[in-house]
$ cat entry.cif   # mmCIF, C-alpha atoms
data_my_file
#
loop_
_atom_site.label_atom_id
_atom_site.label_comp_id
_atom_site.auth_asym_id
_atom_site.auth_seq_id
_atom_site.Cartn_x
_atom_site.Cartn_y
_atom_site.Cartn_z
CA MET A 1 41.55 79.12 85.06
CA GLU A 2 43.89 77.00 87.08
CA GLU A 3 46.12 74.63 85.16
CA THR A 4 45.66 71.06 86.15
CA LYS A 5 48.04 68.17 85.83
CA GLU A 6 47.29 65.71 83.05
CA ARG A 7 45.83 62.50 84.37
CA LYS A 8 45.05 59.18 82.77
CA ILE A 9 41.75 57.82 83.98
CA VAL A 10 40.89 54.25 83.09
CA VAL A 11 37.21 53.34 83.11
CA ALA A 12 36.48 49.65 82.74
CA VAL A 13 33.49 49.25 80.42
CA ASP A 14 31.44 46.19 79.57
CA GLU A 15 27.86 45.30 78.65
CA SER A 16 26.52 46.26 82.08
CA GLU A 17 24.48 49.27 83.09
CA GLU A 18 26.85 49.61 86.04
CA SER A 19 29.82 50.31 83.82
CA MET A 20 27.92 53.00 81.91
CA GLU A 21 26.96 54.57 85.22
CA ALA A 22 30.61 54.52 86.25
CA LEU A 23 31.54 56.22 82.98
CA SER A 24 28.90 58.86 83.44
CA TRP A 25 29.97 59.46 87.04
CA SER A 26 33.59 59.79 85.94
CA LEU A 27 32.74 62.45 83.39
CA ASP A 28 30.74 64.42 85.93
CA ASN A 29 33.34 64.22 88.67
CA LEU A 30 36.79 63.65 87.26
CA PHE A 31 36.79 65.80 84.13
CA PRO A 32 36.33 69.33 85.37
CA TYR A 33 36.08 72.06 82.76
CA GLY A 34 39.50 72.84 81.37
CA SER A 35 41.15 69.73 82.73
CA ASN A 36 43.79 67.93 80.80
CA ASN A 37 42.65 64.44 81.67
CA THR A 38 42.58 61.51 79.28
CA LEU A 39 39.74 59.01 79.45
CA ILE A 40 40.77 55.47 78.63
CA LEU A 41 37.88 53.12 77.94
CA LEU A 42 39.02 49.60 78.70
CA TYR A 43 37.04 46.61 77.49
CA VAL A 44 38.10 43.07 78.24
CA LYS A 45 37.07 40.14 76.06
CA PRO A 46 36.81 36.79 77.80
CA PRO A 47 39.54 34.20 77.22
CA LEU A 48 39.09 32.22 74.01
CA PRO A 49 37.51 28.83 74.58
CA VAL A 50 39.58 25.83 73.61
CA TYR A 51 37.95 23.64 70.98
CA SER A 52 38.94 20.04 70.66
CA SER A 53 38.84 18.25 67.32
CA LEU A 54 36.75 15.65 69.11
CA ASP A 55 33.93 18.13 69.77
CA ALA A 56 31.23 16.72 67.51
CA ALA A 57 29.03 19.74 68.05
CA VAL A 58 31.51 22.18 66.57
CA THR A 59 30.69 22.77 62.92
CA GLY A 60 31.73 25.49 60.50
CA ASP A 61 34.40 27.86 61.76
CA PRO A 62 33.54 28.52 65.39
CA VAL A 63 36.54 30.75 65.97
CA ALA A 64 35.62 33.07 63.10
CA ALA A 65 32.01 33.19 64.30
CA LEU A 66 33.15 33.97 67.82
CA MET A 67 35.52 36.69 66.61
CA LYS A 68 32.70 38.32 64.64
CA TYR A 69 30.39 38.16 67.65
CA GLU A 70 33.07 39.61 69.91
CA HIS A 71 33.82 42.39 67.47
CA GLU A 72 30.15 43.32 67.45
CA LEU A 73 30.09 43.24 71.23
CA VAL A 74 33.07 45.56 71.53
CA GLU A 75 31.52 47.95 69.00
CA SER A 76 28.23 47.87 70.85
CA VAL A 77 29.85 48.70 74.20
CA MET A 78 31.95 51.45 72.65
CA ALA A 79 28.84 52.88 70.95
CA ARG A 80 27.01 52.93 74.29
CA SER A 81 30.01 54.63 75.85
CA ARG A 82 29.97 57.20 73.07
CA ASN A 83 26.33 57.93 73.84
CA VAL A 84 27.38 58.69 77.39
CA TYR A 85 30.36 60.91 76.63
CA GLN A 86 29.31 62.64 73.43
CA ASP A 87 27.04 65.08 75.25
CA PHE A 88 29.75 66.01 77.69
CA GLU A 89 30.70 69.61 77.17
CA SER A 90 34.44 69.77 77.60
CA ASP A 91 36.85 68.47 75.02
CA ILE A 92 38.11 65.18 76.32
CA LYS A 93 40.93 63.07 75.05
CA ILE A 94 39.55 59.57 74.67
CA GLU A 95 41.41 56.34 74.05
CA ARG A 96 39.92 52.89 73.50
CA ARG A 97 41.72 49.80 74.68
CA VAL A 98 40.58 46.22 74.25
CA GLY A 99 42.18 43.38 76.16
CA ARG A 100 41.54 39.68 76.43
CA GLY A 101 41.59 37.30 79.36
CA ASP A 102 40.35 37.21 82.90
CA ALA A 103 38.81 40.68 83.33
CA LYS A 104 40.26 41.42 86.76
CA GLU A 105 43.78 40.38 85.78
CA VAL A 106 43.67 42.25 82.48
CA ILE A 107 42.37 45.42 84.15
CA CYS A 108 45.09 45.37 86.83
CA ASN A 109 47.81 44.77 84.26
CA ALA A 110 46.50 47.47 81.93
CA VAL A 111 46.36 50.04 84.73
CA GLN A 112 49.96 49.34 85.59
CA LYS A 113 51.16 49.28 81.98
CA LEU A 114 49.37 52.50 81.11
CA ARG A 115 50.65 54.11 84.33
CA ALA A 116 47.08 55.23 84.95
CA ASP A 117 46.33 57.76 87.68
CA MET A 118 42.92 56.33 88.54
CA LEU A 119 40.81 53.29 87.84
CA VAL A 120 37.03 53.55 87.85
CA ILE A 121 34.89 50.42 88.03
CA GLY A 122 31.16 50.05 88.21
CA THR A 123 29.91 47.33 90.46
CA HIS A 124 26.82 45.29 91.13
CA ASP A 125 25.36 45.32 94.58
CA TYR A 126 25.40 41.56 94.90
CA GLY A 127 24.38 39.78 98.06
CA PHE A 128 26.77 37.60 99.98
CA PHE A 129 26.23 34.34 98.12
CA LYS A 130 26.34 35.73 94.63
CA ARG A 131 29.47 37.70 95.52
CA ALA A 132 31.14 34.64 96.98
CA LEU A 133 30.29 32.72 93.82
CA LEU A 134 31.15 35.32 91.22
CA GLY A 135 33.91 37.09 93.05
CA SER A 136 34.19 40.78 92.52
CA VAL A 137 36.33 42.45 89.91
CA SER A 138 36.25 45.73 91.81
CA GLU A 139 37.33 44.12 95.07
CA TYR A 140 40.18 42.28 93.38
CA CYS A 141 41.42 45.39 91.58
CA ALA A 142 41.10 47.57 94.68
CA LYS A 143 43.51 45.23 96.42
CA ARG A 144 46.04 44.92 93.66
CA VAL A 145 46.15 48.18 91.77
CA LYS A 146 48.52 50.85 93.09
CA CYS A 147 46.65 53.93 91.92
CA PRO A 148 43.40 55.09 93.54
CA VAL A 149 40.43 52.91 92.66
CA ILE A 150 36.94 54.35 92.44
CA ILE A 151 34.08 51.94 92.90
CA VAL A 152 30.81 53.26 91.54
CA LYS A 153 27.59 51.47 92.39
CA LYS A 154 24.43 51.59 90.41
CA GLN A 155 22.27 54.07 92.25
CA PRO A 156 18.82 52.96 93.30
CA GLN A 157 15.95 55.09 92.03
CA ASP A 158 15.27 56.62 95.44
CA ASN A 159 18.79 57.83 95.98
CA MET B 160 33.25 78.90 84.21
CA GLU B 161 30.87 76.00 84.25
CA GLU B 162 28.68 75.71 87.31
CA THR B 163 29.09 72.44 89.09
CA LYS B 164 26.65 70.64 91.31
CA GLU B 165 27.38 70.85 95.01
CA ARG B 166 28.77 67.59 96.35
CA LYS B 167 29.49 66.35 99.83
CA ILE B 168 32.75 64.48 99.94
CA VAL B 169 33.55 62.56 103.10
CA VAL B 170 37.22 61.83 103.75
CA ALA B 171 37.89 59.45 106.62
CA VAL B 172 40.88 60.75 108.59
CA ASP B 173 42.89 59.13 111.35
CA GLU B 174 46.46 59.08 112.64
CA SER B 175 47.79 57.32 109.55
CA GLU B 176 49.89 58.71 106.74
CA GLU B 177 47.51 56.94 104.39
CA SER B 178 44.55 59.04 105.45
CA MET B 179 46.51 62.26 104.92
CA GLU B 180 47.48 61.03 101.47
CA ALA B 181 43.81 60.33 100.75
CA LEU B 182 42.93 63.86 101.87
CA SER B 183 45.63 65.37 99.70
CA TRP B 184 44.53 63.27 96.72
CA SER B 185 40.93 64.36 97.24
CA LEU B 186 41.85 68.03 97.19
CA ASP B 187 43.87 67.61 94.02
CA ASN B 188 41.27 65.57 92.20
CA LEU B 189 37.80 66.23 93.57
CA PHE B 190 37.87 69.95 94.27
CA PRO B 191 38.39 71.56 90.90
CA TYR B 192 38.73 75.32 90.84
CA GLY B 193 35.33 76.94 91.27
CA SER B 194 33.61 73.81 92.48
CA ASN B 195 30.96 73.95 95.09
CA ASN B 196 32.00 70.83 96.94
CA THR B 197 32.03 70.43 100.70
CA LEU B 198 34.82 68.49 102.34
CA ILE B 199 33.73 66.57 105.41
CA LEU B 200 36.58 65.34 107.59
CA LEU B 201 35.37 62.31 109.50
CA TYR B 202 37.31 61.01 112.47
CA VAL B 203 36.16 57.97 114.43
CA LYS B 204 37.16 57.42 118.05
CA PRO B 205 37.34 53.81 119.16
CA PRO B 206 34.57 52.42 121.38
CA LEU B 207 34.99 53.26 125.06
CA PRO B 208 36.53 50.41 127.06
CA VAL B 209 34.42 49.01 129.86
CA TYR B 210 36.04 49.33 133.29
CA SER B 211 35.03 47.01 136.07
CA SER B 212 35.19 48.12 139.72
CA LEU B 213 37.20 44.96 140.28
CA ASP B 214 40.05 46.19 138.07
CA ALA B 215 42.75 46.76 140.68
CA ALA B 216 45.00 48.45 138.16
CA VAL B 217 42.53 51.23 137.47
CA THR B 218 43.40 54.22 139.62
CA GLY B 219 42.43 57.88 139.42
CA ASP B 220 39.77 58.72 136.87
CA PRO B 221 40.62 56.62 133.84
CA VAL B 222 37.62 57.84 131.85
CA ALA B 223 38.58 61.49 132.26
CA ALA B 224 42.18 60.69 131.35
CA LEU B 225 41.04 58.77 128.30
CA MET B 226 38.73 61.58 127.24
CA LYS B 227 41.56 64.07 127.50
CA TYR B 228 43.85 61.81 125.49
CA GLU B 229 41.18 61.29 122.85
CA HIS B 230 40.49 64.98 122.62
CA GLU B 231 44.18 65.62 122.00
CA LEU B 232 44.23 62.88 119.38
CA VAL B 233 41.28 64.39 117.50
CA GLU B 234 42.88 67.82 117.62
CA SER B 235 46.17 66.40 116.40
CA VAL B 236 44.55 64.66 113.43
CA MET B 237 42.50 67.75 112.57
CA ALA B 238 45.66 69.90 112.79
CA ARG B 239 47.46 67.56 110.41
CA SER B 240 44.47 67.72 108.08
CA ARG B 241 44.58 71.51 108.25
CA ASN B 242 48.23 71.43 107.22
CA VAL B 243 47.17 69.48 104.15
CA TYR B 244 44.23 71.64 103.10
CA GLN B 245 45.33 75.11 104.16
CA ASP B 246 47.65 75.52 101.19
CA PHE B 247 44.96 74.50 98.77
CA GLU B 248 44.09 77.44 96.59
CA SER B 249 40.34 77.29 96.15
CA ASP B 250 37.91 78.24 98.85
CA ILE B 251 36.58 75.03 100.25
CA LYS B 252 33.73 74.49 102.62
CA ILE B 253 35.04 72.24 105.35
CA GLU B 254 33.12 70.41 108.05
CA ARG B 255 34.56 68.33 110.89
CA ARG B 256 32.70 65.32 112.21
CA VAL B 257 33.77 63.06 115.02
CA GLY B 258 32.10 59.73 115.64
CA ARG B 259 32.67 56.92 118.07
CA GLY B 260 32.57 53.16 117.66
CA ASP B 261 33.78 50.57 115.21
CA ALA B 262 35.39 52.72 112.49
CA LYS B 263 33.94 50.85 109.52
CA GLU B 264 30.40 50.86 110.90
CA VAL B 265 30.55 54.51 111.93
CA ILE B 266 31.92 55.56 108.54
CA CYS B 267 29.18 53.69 106.65
CA ASN B 268 26.45 55.12 108.88
CA ALA B 269 27.83 58.66 108.64
CA VAL B 270 28.00 58.50 104.84
CA GLN B 271 24.38 57.47 104.70
CA LYS B 272 23.20 59.98 107.29
CA LEU B 273 25.06 62.86 105.66
CA ARG B 274 23.80 61.76 102.23
CA ALA B 275 27.37 62.04 101.05
CA ASP B 276 28.16 61.92 97.33
CA MET B 277 31.52 60.24 97.75
CA LEU B 278 33.58 58.53 100.39
CA VAL B 279 37.37 58.64 100.24
CA ILE B 280 39.44 56.24 102.33
CA GLY B 281 43.17 55.79 102.50
CA THR B 282 44.36 52.26 102.81
CA HIS B 283 47.42 50.29 103.77
CA ASP B 284 48.87 47.87 101.31
CA TYR B 285 48.75 44.97 103.73
CA GLY B 286 49.73 41.48 102.76
CA PHE B 287 47.31 38.60 102.92
CA PHE B 288 47.82 37.61 106.57
CA LYS B 289 47.76 41.06 108.04
CA ARG B 290 44.66 41.88 105.99
CA ALA B 291 42.94 38.71 107.11
CA LEU B 292 43.77 39.56 110.71
CA LEU B 293 42.97 43.26 110.70
CA GLY B 294 40.21 43.24 108.17
CA SER B 295 39.96 46.23 105.92
CA VAL B 296 37.86 49.29 106.58
CA SER B 297 38.01 50.28 102.92
CA GLU B 298 36.87 46.86 101.74
CA TYR B 299 33.99 46.80 104.20
CA CYS B 300 32.83 50.29 103.28
CA ALA B 301 33.17 49.65 99.54
CA LYS B 302 30.71 46.80 99.93
CA ARG B 303 28.18 48.57 102.11
CA VAL B 304 28.14 52.22 101.15
CA LYS B 305 25.81 53.22 98.33
CA CYS B 306 27.73 56.22 97.01
CA PRO B 307 30.99 55.86 95.07
CA VAL B 308 33.92 54.86 97.24
CA ILE B 309 37.44 55.97 96.43
CA ILE B 310 40.26 53.88 97.81
CA VAL B 311 43.56 55.72 97.88
CA LYS B 312 46.74 53.81 98.55
CA LYS B 313 49.92 55.24 99.89
CA GLN B 314 52.10 55.65 96.86
CA PRO B 315 55.53 54.05 96.94
CA GLN B 316 58.43 56.43 96.37
CA ASP B 317 59.20 55.05 92.92
CA ASN B 318 55.70 55.63 91.60
#
$ encode --input "entry.cif" --output "C-alpha coordinates"
Amino acid sequence: MEETKERKIVVAVDESEESMEALSWSLDNLFPYGSNNTLILLYVKPPLPVYSSLDAAVTGDPVAALMKYEHELVESVMARSRNVYQDFESDIKIERRVGRGDAKEVICNAVQKLRADMLVIGTHDYGFFKRALLGSVSEYCAKRVKCPVIIVKKQPQDN
Amino acid sequence: MEETKERKIVVAVDESEESMEALSWSLDNLFPYGSNNTLILLYVKPPLPVYSSLDAAVTGDPVAALMKYEHELVESVMARSRNVYQDFESDIKIERRVGRGDAKEVICNAVQKLRADMLVIGTHDYGFFKRALLGSVSEYCAKRVKCPVIIVKKQPQDN
(Lines of atoms letter the chains of each structure in order from A and count residues from 1; the text may use other names and numbers.)
(Lines give C-alpha, C1' and ligand atoms only; values in the text may rest on other atoms or scores of the structure.)
Protein backbone atom coordinates (compact mmCIF):
# COMPACT_ATOMS: atom_id res chain seq x y z
CA MET A 1 0.00 0.00 0.00
CA GLU A 2 1.37 3.33 -1.02
CA GLU A 3 1.62 5.97 1.67
CA THR A 4 -0.32 9.07 0.88
CA LYS A 5 0.17 12.57 2.14
CA GLU A 6 -2.31 13.74 4.76
CA ARG A 7 -4.83 16.14 3.33
CA LYS A 8 -7.50 18.30 4.88
CA ILE A 9 -10.67 18.24 2.84
CA VAL A 10 -13.36 20.74 3.73
CA VAL A 11 -16.90 19.85 2.66
CA ALA A 12 -19.43 22.63 3.10
CA VAL A 13 -22.66 21.11 4.43
CA ASP A 14 -26.08 22.64 4.86
CA GLU A 15 -29.73 21.58 4.72
CA SER A 16 -29.61 20.89 0.98
CA GLU A 17 -29.60 17.59 -0.85
CA GLU A 18 -26.78 19.02 -2.96
CA SER A 19 -24.44 19.27 0.00
CA MET A 20 -25.12 15.67 1.01
CA GLU A 21 -24.40 14.61 -2.55
CA ALA A 22 -21.14 16.53 -2.41
CA LEU A 23 -20.24 14.78 0.83
CA SER A 24 -21.04 11.39 -0.62
CA TRP A 25 -19.03 12.15 -3.77
CA SER A 26 -16.08 13.27 -1.65
CA LEU A 27 -16.05 10.03 0.30
CA ASP A 28 -16.17 7.97 -2.88
CA ASN A 29 -13.48 9.93 -4.68
CA LEU A 30 -11.19 11.67 -2.25
CA PHE A 31 -10.82 9.13 0.54
CA PRO A 32 -9.17 6.15 -1.07
CA TYR A 33 -8.61 3.11 1.11
CA GLY A 34 -5.66 3.67 3.40
CA SER A 35 -5.53 7.41 2.87
CA ASN A 36 -4.65 9.74 5.65
CA ASN A 37 -7.14 12.43 4.77
CA THR A 38 -9.19 14.39 7.26
CA LEU A 39 -12.78 15.30 6.44
CA ILE A 40 -13.86 18.65 7.82
CA LEU A 41 -17.61 19.22 7.79
CA LEU A 42 -18.23 22.94 7.71
CA TYR A 43 -21.65 24.35 8.50
CA VAL A 44 -22.35 28.06 8.40
CA LYS A 45 -25.17 29.64 10.41
CA PRO A 46 -26.66 32.80 8.95
CA PRO A 47 -25.79 36.14 10.55
CA LEU A 48 -27.87 36.94 13.62
CA PRO A 49 -30.76 39.28 12.88
CA VAL A 50 -30.74 42.60 14.68
CA TYR A 51 -33.78 43.17 16.86
CA SER A 52 -34.82 46.65 17.76
CA SER A 53 -36.54 47.42 21.04
CA LEU A 54 -39.19 49.11 18.93
CA ASP A 55 -40.16 45.83 17.24
CA ALA A 56 -43.63 45.33 18.68
CA ALA A 57 -43.86 41.84 17.25
CA VAL A 58 -40.89 40.53 19.21
CA THR A 59 -42.10 38.85 22.37
CA GLY A 60 -40.42 36.44 24.76
CA ASP A 61 -36.73 35.88 24.19
CA PRO A 62 -36.30 35.72 20.43
CA VAL A 63 -32.55 35.29 20.60
CA ALA A 64 -32.81 32.24 22.86
CA ALA A 65 -35.50 30.75 20.61
CA LEU A 66 -33.38 31.38 17.55
CA MET A 67 -30.31 29.83 19.19
CA LYS A 68 -32.30 26.72 20.07
CA TYR A 69 -33.64 26.47 16.53
CA GLU A 70 -30.16 26.93 15.07
CA HIS A 71 -28.70 24.33 17.39
CA GLU A 72 -31.31 21.85 16.21
CA LEU A 73 -30.56 22.73 12.61
CA VAL A 74 -26.83 22.14 13.05
CA GLU A 75 -27.51 18.82 14.78
CA SER A 76 -29.90 17.80 12.03
CA VAL A 77 -27.38 18.56 9.28
CA MET A 78 -24.59 16.80 11.16
CA ALA A 79 -26.87 13.78 11.70
CA ARG A 80 -27.63 13.64 7.97
CA SER A 81 -23.92 13.88 7.27
CA ARG A 82 -23.30 11.03 9.68
CA ASN A 83 -25.81 8.91 7.79
CA VAL A 84 -23.76 9.51 4.67
CA TYR A 85 -20.32 8.78 6.11
CA GLN A 86 -21.06 6.11 8.69
CA ASP A 87 -21.34 3.37 6.07
CA PHE A 88 -18.06 4.34 4.50
CA GLU A 89 -15.59 1.54 4.98
CA SER A 90 -12.28 3.21 5.70
CA ASP A 91 -11.48 4.85 8.98
CA ILE A 92 -11.78 8.54 8.41
CA LYS A 93 -10.75 11.37 10.64
CA ILE A 94 -13.73 13.68 10.88
CA GLU A 95 -13.92 17.18 12.29
CA ARG A 96 -17.01 19.36 12.65
CA ARG A 97 -16.78 23.11 12.33
CA VAL A 98 -19.61 25.59 12.69
CA GLY A 99 -19.25 29.19 11.59
CA ARG A 100 -21.57 32.15 11.44
CA GLY A 101 -22.05 34.87 8.88
CA ASP A 102 -22.34 35.16 5.14
CA ALA A 103 -21.81 31.56 3.98
CA LYS A 104 -19.46 32.34 1.11
CA GLU A 105 -17.25 34.62 3.19
CA VAL A 106 -17.14 32.23 6.14
CA ILE A 107 -16.28 29.27 3.89
CA CYS A 108 -13.43 31.13 2.19
CA ASN A 109 -12.02 32.32 5.50
CA ALA A 110 -12.30 28.88 7.09
CA VAL A 111 -10.51 27.21 4.18
CA GLN A 112 -7.65 29.65 4.51
CA LYS A 113 -7.48 29.44 8.31
CA LEU A 114 -7.57 25.66 8.32
CA ARG A 115 -4.99 25.56 5.53
CA ALA A 116 -7.27 23.12 3.76
CA ASP A 117 -6.04 21.18 0.73
CA MET A 118 -9.41 21.07 -1.00
CA LEU A 119 -12.84 22.58 -0.73
CA VAL A 120 -15.88 20.64 -1.90
CA ILE A 121 -19.19 22.41 -2.47
CA GLY A 122 -22.46 21.08 -3.74
CA THR A 123 -24.35 23.35 -6.03
CA HIS A 124 -27.81 23.86 -7.44
CA ASP A 125 -28.24 23.93 -11.16
CA TYR A 126 -30.01 27.27 -11.14
CA GLY A 127 -31.04 29.04 -14.30
CA PHE A 128 -29.69 32.43 -15.22
CA PHE A 129 -32.18 34.59 -13.35
CA LYS A 130 -32.18 32.66 -10.11
CA ARG A 131 -28.38 32.58 -10.17
CA ALA A 132 -28.18 36.30 -10.80
CA LEU A 133 -30.55 36.88 -7.90
CA LEU A 134 -29.12 34.45 -5.39
CA GLY A 135 -25.52 34.59 -6.43
CA SER A 136 -23.56 31.40 -6.14
CA VAL A 137 -21.52 30.36 -3.15
CA SER A 138 -19.54 27.91 -5.26
CA GLU A 139 -18.70 30.51 -7.89
CA TYR A 140 -17.61 33.02 -5.27
CA CYS A 141 -15.43 30.50 -3.44
CA ALA A 142 -13.91 29.15 -6.66
CA LYS A 143 -12.67 32.65 -7.39
CA ARG A 144 -11.32 33.46 -3.97
CA VAL A 145 -10.03 30.27 -2.42
CA LYS A 146 -6.42 29.34 -3.17
CA CYS A 147 -6.72 25.57 -2.88
CA PRO A 148 -8.50 23.45 -5.50
CA VAL A 149 -12.27 23.79 -5.39
CA ILE A 150 -14.53 20.92 -6.36
CA ILE A 151 -18.02 21.81 -7.47
CA VAL A 152 -20.41 18.88 -7.28
CA LYS A 153 -23.80 19.15 -8.91
CA LYS A 154 -26.84 17.17 -8.00
CA GLN A 155 -27.00 14.46 -10.61
CA PRO A 156 -30.20 14.08 -12.56
CA GLN A 157 -31.83 10.66 -12.39
CA ASP A 158 -30.88 9.78 -15.97
CA ASN A 159 -27.20 10.45 -15.51
CA MET B 1 -7.25 -3.77 -1.69
CA GLU B 2 -10.68 -2.33 -2.21
CA GLU B 3 -11.97 -2.40 -5.76
CA THR B 4 -12.85 1.00 -7.05
CA LYS B 5 -15.29 1.93 -9.75
CA GLU B 6 -13.74 2.90 -13.06
CA ARG B 7 -13.91 6.63 -13.64
CA LYS B 8 -13.13 8.80 -16.63
CA ILE B 9 -11.31 11.92 -15.59
CA VAL B 10 -10.89 14.64 -18.18
CA VAL B 11 -8.03 17.07 -17.62
CA ALA B 12 -8.01 20.06 -19.95
CA VAL B 13 -4.41 20.74 -21.01
CA ASP B 14 -2.92 23.65 -22.89
CA GLU B 15 0.34 25.60 -23.04
CA SER B 16 -0.12 27.05 -19.55
CA GLU B 17 1.71 26.18 -16.36
CA GLU B 18 -1.70 26.11 -14.70
CA SER B 19 -2.89 23.18 -16.78
CA MET B 20 0.23 21.18 -15.96
CA GLU B 21 -0.35 21.92 -12.29
CA ALA B 22 -3.93 20.70 -12.66
CA LEU B 23 -2.66 17.50 -14.28
CA SER B 24 -0.13 16.94 -11.53
CA TRP B 25 -2.77 17.60 -8.85
CA SER B 26 -5.13 15.14 -10.53
CA LEU B 27 -2.54 12.38 -10.51
CA ASP B 28 -1.77 12.97 -6.85
CA ASN B 29 -5.37 13.14 -5.74
CA LEU B 30 -7.64 11.30 -8.15
CA PHE B 31 -5.57 8.28 -9.10
CA PRO B 32 -5.09 6.38 -5.88
CA TYR B 33 -2.95 3.27 -6.03
CA GLY B 34 -4.90 0.42 -7.60
CA SER B 35 -7.62 2.61 -9.01
CA ASN B 36 -9.19 1.86 -12.31
CA ASN B 37 -9.45 5.43 -13.49
CA THR B 38 -8.78 6.62 -17.01
CA LEU B 39 -7.04 9.93 -17.57
CA ILE B 40 -8.22 11.76 -20.65
CA LEU B 41 -5.96 14.60 -21.75
CA LEU B 42 -8.05 17.08 -23.68
CA TYR B 43 -6.41 19.75 -25.81
CA VAL B 44 -8.44 22.28 -27.76
CA LYS B 45 -7.07 24.00 -30.85
CA PRO B 46 -8.45 27.45 -31.55
CA PRO B 47 -10.97 27.88 -34.38
CA LEU B 48 -9.37 28.16 -37.82
CA PRO B 49 -9.06 31.75 -39.02
CA VAL B 50 -10.90 32.62 -42.20
CA TYR B 51 -8.60 33.84 -44.99
CA SER B 52 -9.98 35.99 -47.75
CA SER B 53 -8.47 35.91 -51.25
CA LEU B 54 -8.24 39.67 -50.92
CA ASP B 55 -5.73 39.42 -48.05
CA ALA B 56 -2.60 40.73 -49.75
CA ALA B 57 -0.44 39.73 -46.82
CA VAL B 58 -1.28 36.06 -47.14
CA THR B 59 1.42 34.35 -49.17
CA GLY B 60 2.38 30.71 -49.58
CA ASP B 61 0.00 28.21 -48.04
CA PRO B 62 -1.02 29.74 -44.73
CA VAL B 63 -3.37 26.89 -43.85
CA ALA B 64 -0.66 24.27 -44.25
CA ALA B 65 1.75 26.39 -42.22
CA LEU B 66 -0.84 26.86 -39.52
CA MET B 67 -1.61 23.15 -39.45
CA LYS B 68 2.06 22.34 -39.03
CA TYR B 69 2.40 24.89 -36.25
CA GLU B 70 -0.69 23.55 -34.51
CA HIS B 71 0.52 20.00 -34.80
CA GLU B 72 3.79 20.98 -33.14
CA LEU B 73 1.87 22.79 -30.42
CA VAL B 74 -0.27 19.74 -29.66
CA GLU B 75 2.81 17.53 -29.57
CA SER B 76 4.59 19.97 -27.29
CA VAL B 77 1.69 20.09 -24.82
CA MET B 78 1.32 16.31 -24.88
CA ALA B 79 5.09 15.93 -24.31
CA ARG B 80 4.89 18.24 -21.31
CA SER B 81 1.95 16.23 -20.02
CA ARG B 82 3.96 13.05 -20.46
CA ASN B 83 6.75 14.55 -18.37
CA VAL B 84 4.21 15.08 -15.62
CA TYR B 85 2.58 11.64 -15.69
CA GLN B 86 5.47 9.38 -16.65
CA ASP B 87 6.94 9.42 -13.16
CA PHE B 88 3.64 8.56 -11.60
CA GLU B 89 3.89 5.14 -10.03
CA SER B 90 0.57 3.47 -10.74
CA ASP B 91 -0.38 2.14 -14.12
CA ILE B 92 -2.78 4.62 -15.59
CA LYS B 93 -4.91 4.32 -18.66
CA ILE B 94 -4.32 7.45 -20.67
CA GLU B 95 -6.22 8.75 -23.66
CA ARG B 96 -5.42 11.83 -25.74
CA ARG B 97 -8.18 13.87 -27.32
CA VAL B 98 -7.77 16.93 -29.47
CA GLY B 99 -10.69 19.18 -30.30
CA ARG B 100 -11.07 22.40 -32.20
CA GLY B 101 -13.12 25.51 -31.53
CA ASP B 102 -13.94 27.76 -28.62
CA ALA B 103 -12.14 26.04 -25.72
CA LYS B 104 -14.94 26.34 -23.19
CA GLU B 105 -17.59 25.03 -25.58
CA VAL B 106 -15.42 22.17 -26.81
CA ILE B 107 -14.51 21.14 -23.26
CA CYS B 108 -18.16 21.10 -22.15
CA ASN B 109 -19.24 19.11 -25.21
CA ALA B 110 -16.38 16.63 -24.86
CA VAL B 111 -17.16 16.01 -21.19
CA GLN B 112 -20.74 15.23 -22.07
CA LYS B 113 -19.90 13.09 -25.09
CA LEU B 114 -17.28 11.09 -23.22
CA ARG B 115 -19.65 10.71 -20.25
CA ALA B 116 -16.78 11.84 -18.06
CA ASP B 117 -17.02 11.48 -14.29
CA MET B 118 -14.94 14.54 -13.53
CA LEU B 119 -13.48 17.54 -15.27
CA VAL B 120 -10.28 19.13 -13.98
CA ILE B 121 -9.27 22.60 -15.15
CA GLY B 122 -6.33 24.71 -14.13
CA THR B 123 -7.02 28.38 -13.77
CA HIS B 124 -5.22 31.67 -13.59
CA ASP B 125 -5.76 33.88 -10.62
CA TYR B 126 -6.77 36.86 -12.71
CA GLY B 127 -7.90 40.11 -11.20
CA PHE B 128 -11.32 41.53 -11.86
CA PHE B 129 -10.57 43.42 -15.09
CA LYS B 130 -8.57 40.74 -16.79
CA ARG B 131 -11.22 38.17 -15.85
CA ALA B 132 -13.99 40.38 -17.17
CA LEU B 133 -12.06 40.80 -20.41
CA LEU B 134 -10.89 37.25 -20.94
CA GLY B 135 -13.78 35.46 -19.38
CA SER B 136 -13.01 32.27 -17.56
CA VAL B 137 -13.09 28.82 -19.08
CA SER B 138 -13.30 27.23 -15.65
CA GLU B 139 -16.22 29.40 -14.59
CA TYR B 140 -18.11 28.69 -17.79
CA CYS B 141 -17.56 24.95 -17.56
CA ALA B 142 -18.42 24.83 -13.86
CA LYS B 143 -21.82 26.26 -14.73
CA ARG B 144 -22.57 24.06 -17.71
CA VAL B 145 -21.00 20.68 -17.12
CA LYS B 146 -23.09 18.14 -15.24
CA CYS B 147 -20.29 16.13 -13.64
CA PRO B 148 -18.17 17.49 -10.78
CA VAL B 149 -15.73 20.16 -11.87
CA ILE B 150 -12.41 20.62 -10.12
CA ILE B 151 -10.77 24.01 -10.41
CA VAL B 152 -7.08 23.93 -9.62
CA LYS B 153 -5.22 27.18 -9.14
CA LYS B 154 -1.54 27.68 -9.56
CA GLN B 155 -0.19 27.65 -6.05
CA PRO B 156 1.91 30.60 -4.96
CA GLN B 157 5.39 29.74 -3.74
CA ASP B 158 4.58 30.52 -0.11
CA ASN B 159 1.64 28.15 0.03
$ resolve_selection --input "entry.cif" --expression "the PyMOL selection byres ((chain B) within 7 of (chain A))" --output "list of chain:residue names"
B:Glu161, B:Asn188, B:Leu189, B:Pro191, B:Tyr192, B:Lys305, B:Cys306, B:Pro307, B:Val308, B:Ile309, B:Ile310, B:Val311, B:Lys312
$ resolve_selection --input "entry.cif" --expression "the PyMOL selection byres ((chain B and resi 255) around 7)" --output "short mmCIF file (atom, residue, chain, number, x, y, z; two decimals) with C-alpha atoms, in the coordinates of the input"
data_model
loop_
_atom_site.label_atom_id
_atom_site.label_comp_id
_atom_site.auth_asym_id
_atom_site.auth_seq_id
_atom_site.Cartn_x
_atom_site.Cartn_y
_atom_site.Cartn_z
CA ILE B 199 33.73 66.57 105.41
CA LEU B 200 36.58 65.34 107.59
CA LEU B 201 35.37 62.31 109.50
CA ILE B 253 35.04 72.24 105.35
CA GLU B 254 33.12 70.41 108.05
CA ARG B 256 32.70 65.32 112.21
CA VAL B 257 33.77 63.06 115.02
#
$ resolve_selection --input "entry.cif" --expression "the PyMOL selection byres ((chain A and resi 113) around 12)" --output "VMD selection string"
chain A and resid 8 10 97 106 to 112 114 to 117 145 to 147
$ atom_distance --input "entry.cif" --atom1 "atom CA of Val44 of chain A" --atom2 "atom CA of Tyr299 of chain B"
26.5 Å
$ residues_near_point --input "entry.cif" --point "(34.1, 40.5, 68.8)" --cutoff "12 Å" --atoms "all atoms listed in the file" --output "ChimeraX atom specification"
/A:43-48,63-78,98-100
$ atom_distance --input "entry.cif" --atom1 "atom CA of Arg241 of chain B" --atom2 "atom CA of Leu27 of chain A"
29.0 Å
$ atom_distance --input "entry.cif" --atom1 "atom CA of Ile92 of chain A" --atom2 "atom CA of Asn36 of chain A"
7.7 Å
